[in-house]
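S.K.: The structure file start_1.cif (mmCIF, C-alpha atoms) is provided below.
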```
data_structure
loop_
_atom_site.label_atom_id
_atom_site.label_comp_id
_atom_site.auth_asym_id
_atom_site.auth_seq_id
_atom_site.Cartn_x
_atom_site.Cartn_y
_atom_site.Cartn_z
CA MET A 370 43.85 -145.54 0.75
CA ARG A 371 40.28 -144.34 0.24
CA PRO A 372 37.53 -146.59 1.74
CA SER A 373 35.81 -146.76 -1.64
CA SER A 374 38.86 -148.41 -3.16
CA LEU A 375 38.51 -151.28 -0.68
CA VAL A 376 34.92 -152.14 -1.56
CA PRO A 377 34.67 -155.25 -3.73
CA ALA A 378 31.56 -156.29 -5.62
CA LEU A 379 30.22 -158.35 -2.71
CA TRP A 380 29.74 -155.15 -0.68
CA LEU A 381 27.76 -153.46 -3.44
CA ALA A 382 24.47 -154.31 -1.71
CA VAL A 383 25.70 -152.40 1.32
CA ALA A 384 27.02 -149.41 -0.59
CA LEU A 385 23.89 -148.98 -2.69
CA THR A 386 21.74 -148.39 0.40
CA LEU A 387 23.99 -146.06 2.36
CA THR A 388 22.71 -142.74 1.00
CA LEU A 389 19.13 -143.60 1.94
CA HIS A 390 19.99 -143.82 5.62
CA ALA A 391 20.31 -140.04 5.78
CA ALA A 392 16.53 -139.83 5.33
CA GLY A 393 15.97 -141.21 8.84
CA THR A 394 15.12 -144.85 8.12
CA PRO A 395 14.82 -147.10 11.21
CA VAL A 396 17.10 -149.68 9.55
CA PRO A 397 20.69 -149.15 10.77
CA LEU A 398 23.52 -148.25 8.44
CA GLY A 399 24.91 -151.24 6.58
CA LEU A 400 21.69 -153.27 6.24
CA ASP A 401 19.43 -153.68 3.25
CA LEU A 402 16.65 -151.12 3.56
CA TYR A 403 14.11 -153.64 2.27
CA ARG A 404 13.05 -155.72 5.26
CA PRO A 405 11.29 -158.89 4.02
CA VAL A 406 7.89 -159.43 5.64
CA PRO A 407 5.48 -162.20 4.58
CA LEU A 408 2.13 -161.15 3.12
CA THR A 409 0.47 -163.54 5.56
CA ASN A 410 1.87 -161.67 8.57
CA PRO A 411 2.13 -157.92 7.88
CA LEU A 412 4.24 -155.97 10.32
CA THR A 413 2.17 -153.75 12.64
CA ALA A 414 2.94 -151.84 15.80
CA GLU A 415 0.33 -153.88 17.70
CA LYS A 416 1.90 -157.20 16.73
CA VAL A 417 5.41 -156.03 17.50
CA ALA A 418 4.47 -154.75 20.96
CA LEU A 419 2.59 -157.97 21.68
CA GLY A 420 5.52 -160.05 20.41
CA ARG A 421 7.93 -158.14 22.64
CA GLN A 422 5.79 -158.87 25.68
CA LEU A 423 5.56 -162.56 24.75
CA PHE A 424 9.33 -162.69 24.18
CA HIS A 425 9.80 -161.85 27.87
CA GLU A 426 6.86 -163.94 29.10
CA ARG A 427 7.97 -166.72 31.47
CA ARG A 428 4.53 -168.31 31.44
CA LEU A 429 5.36 -169.59 27.96
CA SER A 430 7.55 -172.18 29.70
CA ARG A 431 6.27 -175.32 31.38
CA ASP A 432 7.20 -174.26 34.90
CA GLY A 433 7.05 -170.49 34.50
CA SER A 434 10.80 -170.12 34.94
CA LEU A 435 12.03 -169.21 31.45
CA SER A 436 11.17 -166.93 28.56
CA CYS A 437 12.60 -166.53 25.07
CA ALA A 438 14.78 -163.76 26.52
CA ALA A 439 16.34 -166.22 28.98
CA CYS A 440 18.39 -167.59 26.09
CA HIS A 441 18.21 -164.58 23.77
CA ASP A 442 19.29 -161.93 26.27
CA PRO A 443 19.16 -158.40 24.81
CA ASP A 444 22.15 -157.46 27.00
CA ARG A 445 24.22 -160.20 25.32
CA ALA A 446 23.32 -159.34 21.72
CA PHE A 447 20.39 -161.76 22.07
CA THR A 448 22.51 -164.80 23.05
CA ASN A 449 23.05 -166.40 26.47
CA GLY A 450 26.83 -166.41 26.99
CA ARG A 451 26.87 -170.19 27.57
CA ARG A 452 28.23 -173.00 25.45
CA THR A 453 24.73 -174.33 24.84
CA ALA A 454 21.11 -173.57 25.61
CA ARG A 455 19.64 -174.30 29.04
CA GLY A 456 16.00 -175.40 29.25
CA VAL A 457 13.40 -175.93 31.97
CA ASP A 458 14.63 -177.86 35.01
CA GLY A 459 18.15 -177.02 33.88
CA ALA A 460 17.96 -179.37 30.89
CA PRO A 461 21.20 -178.93 28.93
CA GLY A 462 20.94 -178.24 25.23
CA THR A 463 23.25 -179.62 22.58
CA ARG A 464 23.79 -176.47 20.54
CA ASN A 465 24.90 -172.90 21.08
CA VAL A 466 22.21 -170.21 21.14
CA PRO A 467 22.42 -168.21 17.88
CA THR A 468 21.68 -164.51 17.97
CA VAL A 469 18.34 -163.36 16.54
CA ILE A 470 19.63 -160.02 15.26
CA ASN A 471 18.85 -159.24 11.61
CA ARG A 472 16.84 -162.44 11.23
CA ALA A 473 14.24 -160.61 9.13
CA TRP A 474 16.66 -161.14 6.25
CA GLY A 475 17.34 -164.79 7.09
CA ALA A 476 16.83 -167.59 4.57
CA SER A 477 16.34 -170.32 7.20
CA TYR A 478 16.55 -170.71 10.97
CA PHE A 479 18.32 -172.83 13.58
CA TRP A 480 21.85 -174.15 13.06
CA ASP A 481 20.52 -176.87 10.76
CA GLY A 482 18.01 -174.68 8.90
CA ARG A 483 15.05 -176.85 9.81
CA ALA A 484 12.69 -173.86 9.98
CA THR A 485 12.06 -171.88 6.81
CA THR A 486 10.17 -168.97 8.40
CA LEU A 487 10.47 -166.98 11.60
CA GLU A 488 6.93 -168.08 12.45
CA GLN A 489 8.08 -171.73 12.40
CA GLN A 490 11.19 -170.88 14.37
CA ALA A 491 9.24 -169.07 17.10
CA LEU A 492 7.27 -172.15 18.16
CA GLY A 493 10.20 -174.56 18.10
CA PRO A 494 11.83 -173.69 21.45
CA ILE A 495 8.47 -173.07 23.14
CA LEU A 496 7.20 -176.58 22.40
CA ASN A 497 10.53 -178.38 22.72
CA PRO A 498 10.37 -180.44 25.97
CA ASN A 499 14.05 -179.71 26.64
CA GLU A 500 13.71 -175.95 26.13
CA LEU A 501 10.60 -174.06 27.31
CA GLY A 502 8.64 -177.30 27.37
CA ALA A 503 5.14 -175.83 26.93
CA THR A 504 2.22 -177.66 25.34
CA PRO A 505 0.09 -176.24 22.52
CA ASP A 506 -2.92 -176.16 24.86
CA ALA A 507 -1.00 -174.19 27.46
CA VAL A 508 0.19 -171.67 24.87
CA VAL A 509 -3.35 -171.12 23.60
CA ALA A 510 -4.68 -170.81 27.16
CA LEU A 511 -2.15 -168.07 27.87
CA ALA A 512 -3.07 -166.25 24.66
CA ARG A 513 -6.76 -166.37 25.65
CA SER A 514 -6.16 -165.28 29.24
CA SER A 515 -7.53 -161.94 30.45
CA ARG A 516 -4.03 -160.47 30.25
CA TYR A 517 -3.46 -161.32 26.59
CA ARG A 518 -6.79 -161.87 24.83
CA PRO A 519 -7.61 -158.16 24.33
CA ARG A 520 -4.17 -157.56 22.86
CA PHE A 521 -4.48 -160.47 20.45
CA LEU A 522 -7.93 -159.27 19.39
CA ALA A 523 -6.51 -155.81 18.72
CA ALA A 524 -3.55 -157.19 16.78
CA PHE A 525 -5.25 -159.96 14.79
CA GLY A 526 -8.97 -159.26 14.99
CA SER A 527 -9.94 -162.80 15.94
CA GLU A 528 -9.83 -165.29 18.81
CA PRO A 529 -6.13 -166.10 19.33
CA GLY A 530 -4.62 -169.46 18.45
CA ILE A 531 -1.12 -170.86 18.65
CA PHE A 532 -0.15 -169.58 15.22
CA ASP A 533 -1.05 -166.05 16.29
CA VAL A 534 1.46 -166.41 19.12
CA ALA A 535 4.07 -167.42 16.54
CA ALA A 536 3.10 -164.51 14.28
CA ALA A 537 3.43 -161.97 17.09
CA LEU A 538 6.83 -163.30 18.18
CA ALA A 539 8.06 -163.37 14.58
CA SER A 540 6.91 -159.80 14.07
CA TYR A 541 8.91 -158.63 17.06
CA VAL A 542 12.03 -160.56 16.04
CA ARG A 543 11.87 -158.95 12.58
CA THR A 544 12.45 -155.60 14.26
CA ILE A 545 15.63 -156.70 16.09
CA VAL A 546 18.38 -155.24 13.95
CA ALA A 547 22.07 -154.46 14.31
CA GLY A 548 24.21 -152.20 12.16
CA ASP A 549 25.86 -148.77 12.14
CA ALA A 550 29.13 -150.37 13.20
CA PRO A 551 32.48 -148.60 12.78
CA PHE A 552 33.05 -150.78 9.72
CA ASP A 553 29.76 -149.60 8.18
CA ARG A 554 30.79 -145.99 8.69
CA PHE A 555 34.16 -146.77 7.12
CA ILE A 556 32.49 -148.25 4.06
CA ALA A 557 30.20 -145.19 3.94
CA GLY A 558 33.24 -142.97 3.52
CA ASP A 559 34.49 -142.16 7.02
CA ALA A 560 38.17 -143.09 6.70
CA SER A 561 38.72 -142.52 10.43
CA ALA A 562 35.98 -144.93 11.58
CA ILE A 563 38.37 -147.88 11.94
CA GLY A 564 42.09 -148.09 12.59
CA GLU A 565 44.91 -149.31 10.39
CA SER A 566 44.90 -152.77 11.95
CA ALA A 567 41.20 -153.26 11.21
CA ARG A 568 41.72 -152.02 7.64
CA ARG A 569 44.47 -154.56 7.12
CA GLY A 570 42.23 -157.18 8.68
CA PHE A 571 39.42 -156.35 6.25
CA ALA A 572 41.80 -156.66 3.30
CA LEU A 573 43.00 -160.02 4.63
CA PHE A 574 39.41 -161.11 5.36
CA ARG A 575 38.45 -160.78 1.71
CA THR A 576 41.71 -161.95 0.09
CA ARG A 577 44.14 -164.51 1.47
CA ALA A 578 41.97 -165.62 4.40
CA ARG A 579 39.01 -166.11 1.98
CA CYS A 580 36.46 -165.42 4.74
CA THR A 581 34.09 -163.78 2.27
CA THR A 582 33.46 -167.15 0.67
CA CYS A 583 30.93 -167.68 3.47
CA HIS A 584 30.72 -164.34 5.30
CA ALA A 585 29.53 -161.82 2.73
CA GLY A 586 26.94 -159.11 2.15
CA PRO A 587 25.07 -157.00 4.71
CA LEU A 588 24.48 -159.97 7.03
CA LEU A 589 28.09 -161.18 6.75
CA SER A 590 26.66 -164.65 6.12
CA ASP A 591 25.83 -166.56 2.97
CA GLU A 592 22.91 -168.21 4.84
CA ARG A 593 24.21 -171.58 3.65
CA PHE A 594 25.60 -174.66 5.39
CA HIS A 595 29.24 -175.69 5.63
CA ASN A 596 31.31 -178.45 7.19
CA THR A 597 34.29 -176.87 8.94
CA GLY A 598 35.06 -179.98 10.98
CA VAL A 599 33.80 -178.64 14.32
CA ALA A 600 31.35 -181.55 14.63
CA TRP A 601 34.03 -184.18 14.05
CA ARG A 602 36.02 -185.79 16.85
CA THR A 603 38.52 -188.60 16.29
CA GLY A 604 37.01 -189.41 12.92
CA THR A 605 33.41 -189.53 14.16
CA VAL A 606 30.69 -186.96 13.63
CA THR A 607 29.19 -185.80 16.95
CA ASP A 608 26.27 -183.85 15.45
CA GLU A 609 24.78 -184.62 12.04
CA GLY A 610 23.84 -180.98 11.49
CA ARG A 611 22.08 -180.17 8.23
CA TYR A 612 21.98 -183.89 7.36
CA ARG A 613 19.13 -184.35 9.85
CA VAL A 614 17.01 -182.11 7.66
CA THR A 615 18.05 -183.11 4.14
CA GLN A 616 19.38 -186.67 4.59
CA ALA A 617 21.96 -185.70 1.98
CA PRO A 618 25.37 -187.28 2.75
CA ALA A 619 27.13 -184.06 1.73
CA ASP A 620 25.35 -182.24 4.58
CA ARG A 621 26.68 -184.47 7.36
CA GLY A 622 28.31 -182.25 9.96
CA ALA A 623 27.40 -179.05 8.09
CA PHE A 624 25.99 -176.04 9.92
CA LYS A 625 24.65 -172.66 8.96
CA THR A 626 27.09 -169.79 8.55
CA PRO A 627 26.49 -167.43 11.48
CA THR A 628 26.38 -163.69 11.03
CA LEU A 629 29.52 -161.84 12.03
CA ARG A 630 27.63 -158.74 13.11
CA GLU A 631 28.08 -158.21 16.87
CA ILE A 632 30.38 -161.23 16.82
CA ALA A 633 32.62 -159.80 19.56
CA ARG A 634 29.60 -159.85 21.92
CA THR A 635 28.31 -163.37 21.22
CA ALA A 636 30.95 -165.73 22.64
CA PRO A 637 31.34 -168.68 22.84
CA TYR A 638 31.41 -169.74 19.20
CA MET A 639 30.48 -172.50 16.75
CA HIS A 640 27.32 -174.61 16.76
CA ASP A 641 28.34 -176.30 20.00
CA GLY A 642 29.91 -173.32 21.74
CA SER A 643 33.19 -175.21 21.87
CA ILE A 644 35.48 -172.27 21.05
CA PRO A 645 35.59 -169.66 23.83
CA SER A 646 37.11 -166.65 22.08
CA LEU A 647 37.41 -164.95 18.70
CA ALA A 648 41.19 -165.31 18.82
CA GLU A 649 40.72 -169.08 19.11
CA VAL A 650 38.22 -169.06 16.22
CA ILE A 651 40.89 -167.42 14.08
CA ASP A 652 43.39 -170.07 15.21
CA PHE A 653 40.89 -172.80 14.29
CA TYR A 654 40.51 -171.57 10.72
CA ASP A 655 44.21 -170.80 10.43
CA SER A 656 44.90 -174.47 11.18
CA GLY A 657 42.52 -175.60 8.45
CA GLY A 658 39.66 -176.84 10.61
CA VAL A 659 39.26 -180.52 11.51
CA PRO A 660 39.92 -182.97 8.65
CA ASN A 661 36.97 -185.21 7.80
CA PRO A 662 35.41 -186.79 4.67
CA GLY A 663 33.12 -183.82 3.98
CA LEU A 664 35.34 -180.89 4.95
CA ASP A 665 34.41 -177.80 2.94
CA ARG A 666 36.92 -177.40 0.14
CA GLU A 667 37.53 -173.76 1.05
CA ILE A 668 38.82 -174.77 4.51
CA ARG A 669 42.59 -175.21 4.45
CA PRO A 670 45.57 -173.96 6.47
CA LEU A 671 46.21 -170.23 6.12
CA GLN A 672 49.58 -169.88 7.85
CA LEU A 673 48.77 -166.43 9.20
CA SER A 674 51.32 -164.47 11.17
CA LYS A 675 50.65 -163.23 14.69
CA THR A 676 50.16 -159.70 13.34
CA GLU A 677 47.73 -160.89 10.67
CA LYS A 678 45.67 -162.69 13.30
CA GLN A 679 45.56 -159.51 15.37
CA ASP A 680 44.47 -157.55 12.30
CA LEU A 681 41.63 -159.99 11.62
CA LEU A 682 40.55 -159.70 15.23
CA ALA A 683 40.54 -155.90 14.98
CA PHE A 684 38.34 -156.10 11.89
CA LEU A 685 35.89 -158.47 13.56
CA ARG A 686 35.62 -156.13 16.54
CA SER A 687 34.82 -153.27 14.17
CA LEU A 688 31.56 -155.09 13.34
CA THR A 689 30.11 -154.23 16.76
CA GLY A 690 27.49 -151.56 16.23
CA THR A 691 24.06 -150.53 17.44
CA ILE A 692 21.25 -152.97 18.22
CA ARG A 693 17.69 -151.72 17.87
CA GLU A 694 14.35 -153.39 18.39
CA GLY A 695 10.69 -152.46 18.05
CA MET A 696 8.85 -149.97 15.90
#
```
Let me see whether you can do it: turn the structure in this file into structure tokens.
M.R.:
Amino acid sequence: MRPSSLVPALWLAVALTLTLHAAGTPVPLGLDLYRPVPLTNPLTAEKVALGRQLFHERRLSRDGSLSCAACHDPDRAFTNGRRTARGVDGAPGTRNVPTVINRAWGASYFWDGRATTLEQQALGPILNPNELGATPDAVVALARSSRYRPRFLAAFGSEPGIFDVAAALASYVRTIVAGDAPFDRFIAGDASAIGESARRGFALFRTRARCTTCHAGPLLSDERFHNTGVAWRTGTVTDEGRYRVTQAPADRGAFKTPTLREIARTAPYMHDGSIPSLAEVIDFYDSGGVPNPGLDREIRPLQLSKTEKQDLLAFLRSLTGTIREGM
């Protein structure tokens, strides 16, 4: 079967951009070539380089022990490999660290979507007392130190403030992209890029398993919030999720759909890191999630065979590609 015959309408956004990649664009194969950037924070090489340095700067934490990269480790596809985040003084977090790849195209940020821009997201962990635990005054003092002040002046043209720190970090994160996976090359026309098992898994992914209801498009995420039952234990919700932001009863226990790009490298899974492996994630959805009053109506038992589960796993592994960062 030709790869083009497998491409449904939801992959049109991917297919329409593929020919442009031959021109040498820095955006990897499979992603939308238009990278959204706010008019209030234009992307420049100076900001990106400054943001990269700040991303690895431990002095942004209260005790100088942690940086953004401590949780978003580039060697782990910008996650931390733990069930949850770990803050200053070893403070345990309550949620799994989401990857920051391809977040330039994100609609909202954090598992509950409480930040609507990358600039808002950047300051959240820095100022959270259980994460980096810095104060606004300490952040500004670092920005105005002899090490950083000249770089901020070059990047922004004015005395640095806390929102300039956020703008620099957001600029860097917008350049962290992942694509050019075997699956992307398959969709582009290379029939040999993935094996038969992964092809069957892709067909299952978009038909009987109904995964594309939530995991669609170049990001393999609808950027929306769903209740799959992970937050429910013995009839009680353990994390209110999106409800904390909206106060809408329908959002209780709902969390943002994560991207599936690089998914084989970002274990453990779910908002609480409670599922250790991709095979167990497939088992979770095959069983129909955890019943609760707000369970998403698309979540129901699939009754997949052992071979079908293996095929889905092969497809998910074919989404591991190349991660790039910087300008």
S.K.: Report as an mmCIF file with C-alpha atoms, in the coordinates of the input the full result of the PyMOL selection byres ((chain A and resi 546-561) around 6) when it is applied to this structure.
M.R.:
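Generated file (selection-v1.cif):
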```cif
data_model
loop_
_atom_site.group_PDB
_atom_site.id
_atom_site.type_symbol
_atom_site.label_atom_id
_atom_site.label_comp_id
_atom_site.auth_asym_id
_atom_site.auth_seq_id
_atom_site.Cartn_x
_atom_site.Cartn_y
_atom_site.Cartn_z
ATOM 1 C CA PRO A 372 37.530 -146.590 1.740
ATOM 2 C CA PRO A 397 20.690 -149.150 10.770
ATOM 3 C CA LEU A 398 23.520 -148.250 8.440
ATOM 4 C CA GLY A 399 24.910 -151.240 6.580
ATOM 5 C CA ILE A 470 19.630 -160.020 15.260
ATOM 6 C CA ASN A 471 18.850 -159.240 11.610
ATOM 7 C CA THR A 544 12.450 -155.600 14.260
ATOM 8 C CA ILE A 545 15.630 -156.700 16.090
ATOM 9 C CA ALA A 562 35.980 -144.930 11.580
ATOM 10 C CA ILE A 563 38.370 -147.880 11.940
ATOM 11 C CA SER A 687 34.820 -153.270 14.170
ATOM 12 C CA LEU A 688 31.560 -155.090 13.340
ATOM 13 C CA THR A 689 30.110 -154.230 16.760
ATOM 14 C CA GLY A 690 27.490 -151.560 16.230
ATOM 15 C CA THR A 691 24.060 -150.530 17.440
ATOM 16 C CA ILE A 692 21.250 -152.970 18.220
ATOM 17 C CA ARG A 693 17.690 -151.720 17.870
#
```
S.K.: Translate the PyMOL selection byres ((chain A and resi 486) around 9) into a concrete residue list for this structure, as a list in words.
M.R.: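 Evaluating the PyMOL selection byres ((chain A and resi 486) around 9) on this file yields Gly475, Ala476, Ser477, Tyr478, Ala484, Thr485, Leu487, Glu488, Gln489, Gln490, Ala491 and Ala539 of chain A.
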S.K.: Please build the interface table for segment 491-559 of chain A against segment 431-448 of chain A with a cut-off of 8 Å, listing for each qualifying residue the nearest atom pair and the distance in Å to one decimal; count all atoms listed in the file, order rows by chain and increasing number, and write it as a tab-separated table.
M.R.:
```
residue	atom	partner	partner_atom	distance
A:Ile495	CA	A:Cys437	CA	8.0
A:Leu501	CA	A:Arg431	CA	6.1
A:Gly502	CA	A:Arg431	CA	5.1
A:Ala503	CA	A:Arg431	CA	4.6
A:Thr504	CA	A:Arg431	CA	7.6
```
S.K.: Using the chain letters and numbers from the file, give me the residues hit by the PyMOL selection byres ((chain A and resi 407) around 12), as an MDAnalysis selection string.
M.R.: chainID A and resid 404:406 408:412 473:474 485:488 536 539:540 543
S.K.: Smallest atom-to-atom distance to Ala648 of chain A: which of A:Thr628, A:Thr453, A:Thr605, A:Gln679, using only C-alpha atoms?
M.R.: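 Answer, going by the shortest atom-to-atom distance: A:Gln679.
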S.K.: Mind listing as a ChimeraX atom specification all residues within 8 Å of (24.5, -175.0, 5.3), counting all atoms listed in the file?
M.R.: /A:481-482,592-596,611,620,623-626
S.K.: Just segment 567-659 of chain A, please, as a compact mmCIF listing (two decimals), in the first residue's frame (only C-alpha atoms).
M.R.:
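Listing of out31.txt after writing:
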```txt
# COMPACT_ATOMS: atom_id res chain seq x y z
CA ALA A 567 4.18 0.19 12.59
CA ARG A 568 2.04 0.61 9.46
CA ARG A 569 -0.62 -1.64 10.93
CA GLY A 570 -0.33 0.28 14.17
CA PHE A 571 -0.90 3.58 12.37
CA ALA A 572 -3.99 2.19 10.67
CA LEU A 573 -5.29 0.96 14.03
CA PHE A 574 -4.36 4.27 15.69
CA ARG A 575 -6.67 6.21 13.40
CA THR A 576 -9.50 3.66 13.07
CA ARG A 577 -10.64 1.17 15.68
CA ALA A 578 -8.46 2.50 18.51
CA ARG A 579 -9.75 6.06 17.79
CA CYS A 580 -6.52 7.63 19.11
CA THR A 581 -6.76 10.47 16.58
CA THR A 582 -9.77 11.82 18.43
CA CYS A 583 -7.24 13.47 20.75
CA HIS A 584 -3.83 12.86 19.15
CA ALA A 585 -3.98 14.51 15.74
CA GLY A 586 -2.09 16.91 13.48
CA PRO A 587 1.61 17.77 13.46
CA LEU A 588 1.80 17.92 17.27
CA LEU A 589 -0.14 14.68 17.71
CA SER A 590 -2.24 16.52 20.29
CA ASP A 591 -5.53 18.39 20.07
CA GLU A 592 -4.24 20.78 22.79
CA ARG A 593 -7.49 20.17 24.68
CA PHE A 594 -8.36 18.61 28.04
CA HIS A 595 -9.81 15.17 28.64
CA ASN A 596 -10.83 12.99 31.56
CA THR A 597 -9.42 9.50 31.00
CA GLY A 598 -9.90 8.46 34.62
CA VAL A 599 -6.22 8.58 35.62
CA ALA A 600 -7.00 11.08 38.39
CA TRP A 601 -9.74 8.92 39.90
CA ARG A 602 -9.12 6.36 42.63
CA THR A 603 -11.89 4.38 44.32
CA GLY A 604 -14.50 6.86 43.16
CA THR A 605 -12.61 9.95 44.34
CA VAL A 606 -10.74 12.47 42.23
CA THR A 607 -7.11 12.84 43.39
CA ASP A 608 -6.28 15.89 41.24
CA GLU A 609 -8.91 18.36 40.03
CA GLY A 610 -6.92 19.10 36.87
CA ARG A 611 -8.43 21.64 34.49
CA TYR A 612 -11.24 22.31 36.99
CA ARG A 613 -8.81 24.35 39.11
CA VAL A 614 -8.56 26.81 36.24
CA THR A 615 -12.12 26.92 34.89
CA GLN A 616 -14.24 25.84 37.88
CA ALA A 617 -16.39 24.04 35.31
CA PRO A 618 -17.69 20.71 36.70
CA ALA A 619 -17.08 19.03 33.32
CA ASP A 620 -13.35 19.75 33.70
CA ARG A 621 -12.91 17.88 36.99
CA GLY A 622 -10.10 15.38 36.55
CA ALA A 623 -9.39 16.51 32.97
CA PHE A 624 -5.83 17.07 31.75
CA LYS A 625 -4.21 18.32 28.61
CA THR A 626 -3.54 15.86 25.80
CA PRO A 627 0.25 15.38 25.67
CA THR A 628 2.12 15.30 22.40
CA LEU A 629 3.08 11.85 21.17
CA ARG A 630 6.25 13.07 19.50
CA GLU A 631 9.29 11.51 21.22
CA ILE A 632 6.83 9.59 23.39
CA ALA A 633 9.12 6.55 23.60
CA ARG A 634 11.73 8.75 25.33
CA THR A 635 9.50 10.49 27.89
CA ALA A 636 8.46 7.77 30.35
CA PRO A 637 6.78 7.60 32.81
CA TYR A 638 3.37 8.68 31.53
CA MET A 639 0.16 10.51 32.42
CA HIS A 640 -0.18 13.71 34.45
CA ASP A 641 1.01 11.94 37.60
CA GLY A 642 3.63 9.68 36.05
CA SER A 643 1.69 6.69 37.32
CA ILE A 644 2.14 4.48 34.23
CA PRO A 645 5.76 3.35 33.74
CA SER A 646 5.75 2.14 30.14
CA LEU A 647 4.10 2.68 26.77
CA ALA A 648 2.91 -0.93 26.75
CA GLU A 649 1.05 -0.24 30.00
CA VAL A 650 -0.42 2.98 28.55
CA ILE A 651 -1.85 0.91 25.71
CA ASP A 652 -3.24 -1.58 28.25
CA PHE A 653 -4.84 1.32 30.17
CA TYR A 654 -6.72 2.59 27.13
CA ASP A 655 -7.54 -0.91 25.97
CA SER A 656 -9.31 -1.47 29.29
CA GLY A 657 -11.37 1.69 28.86
CA GLY A 658 -9.65 3.90 31.41
CA VAL A 659 -11.01 4.34 34.94
```
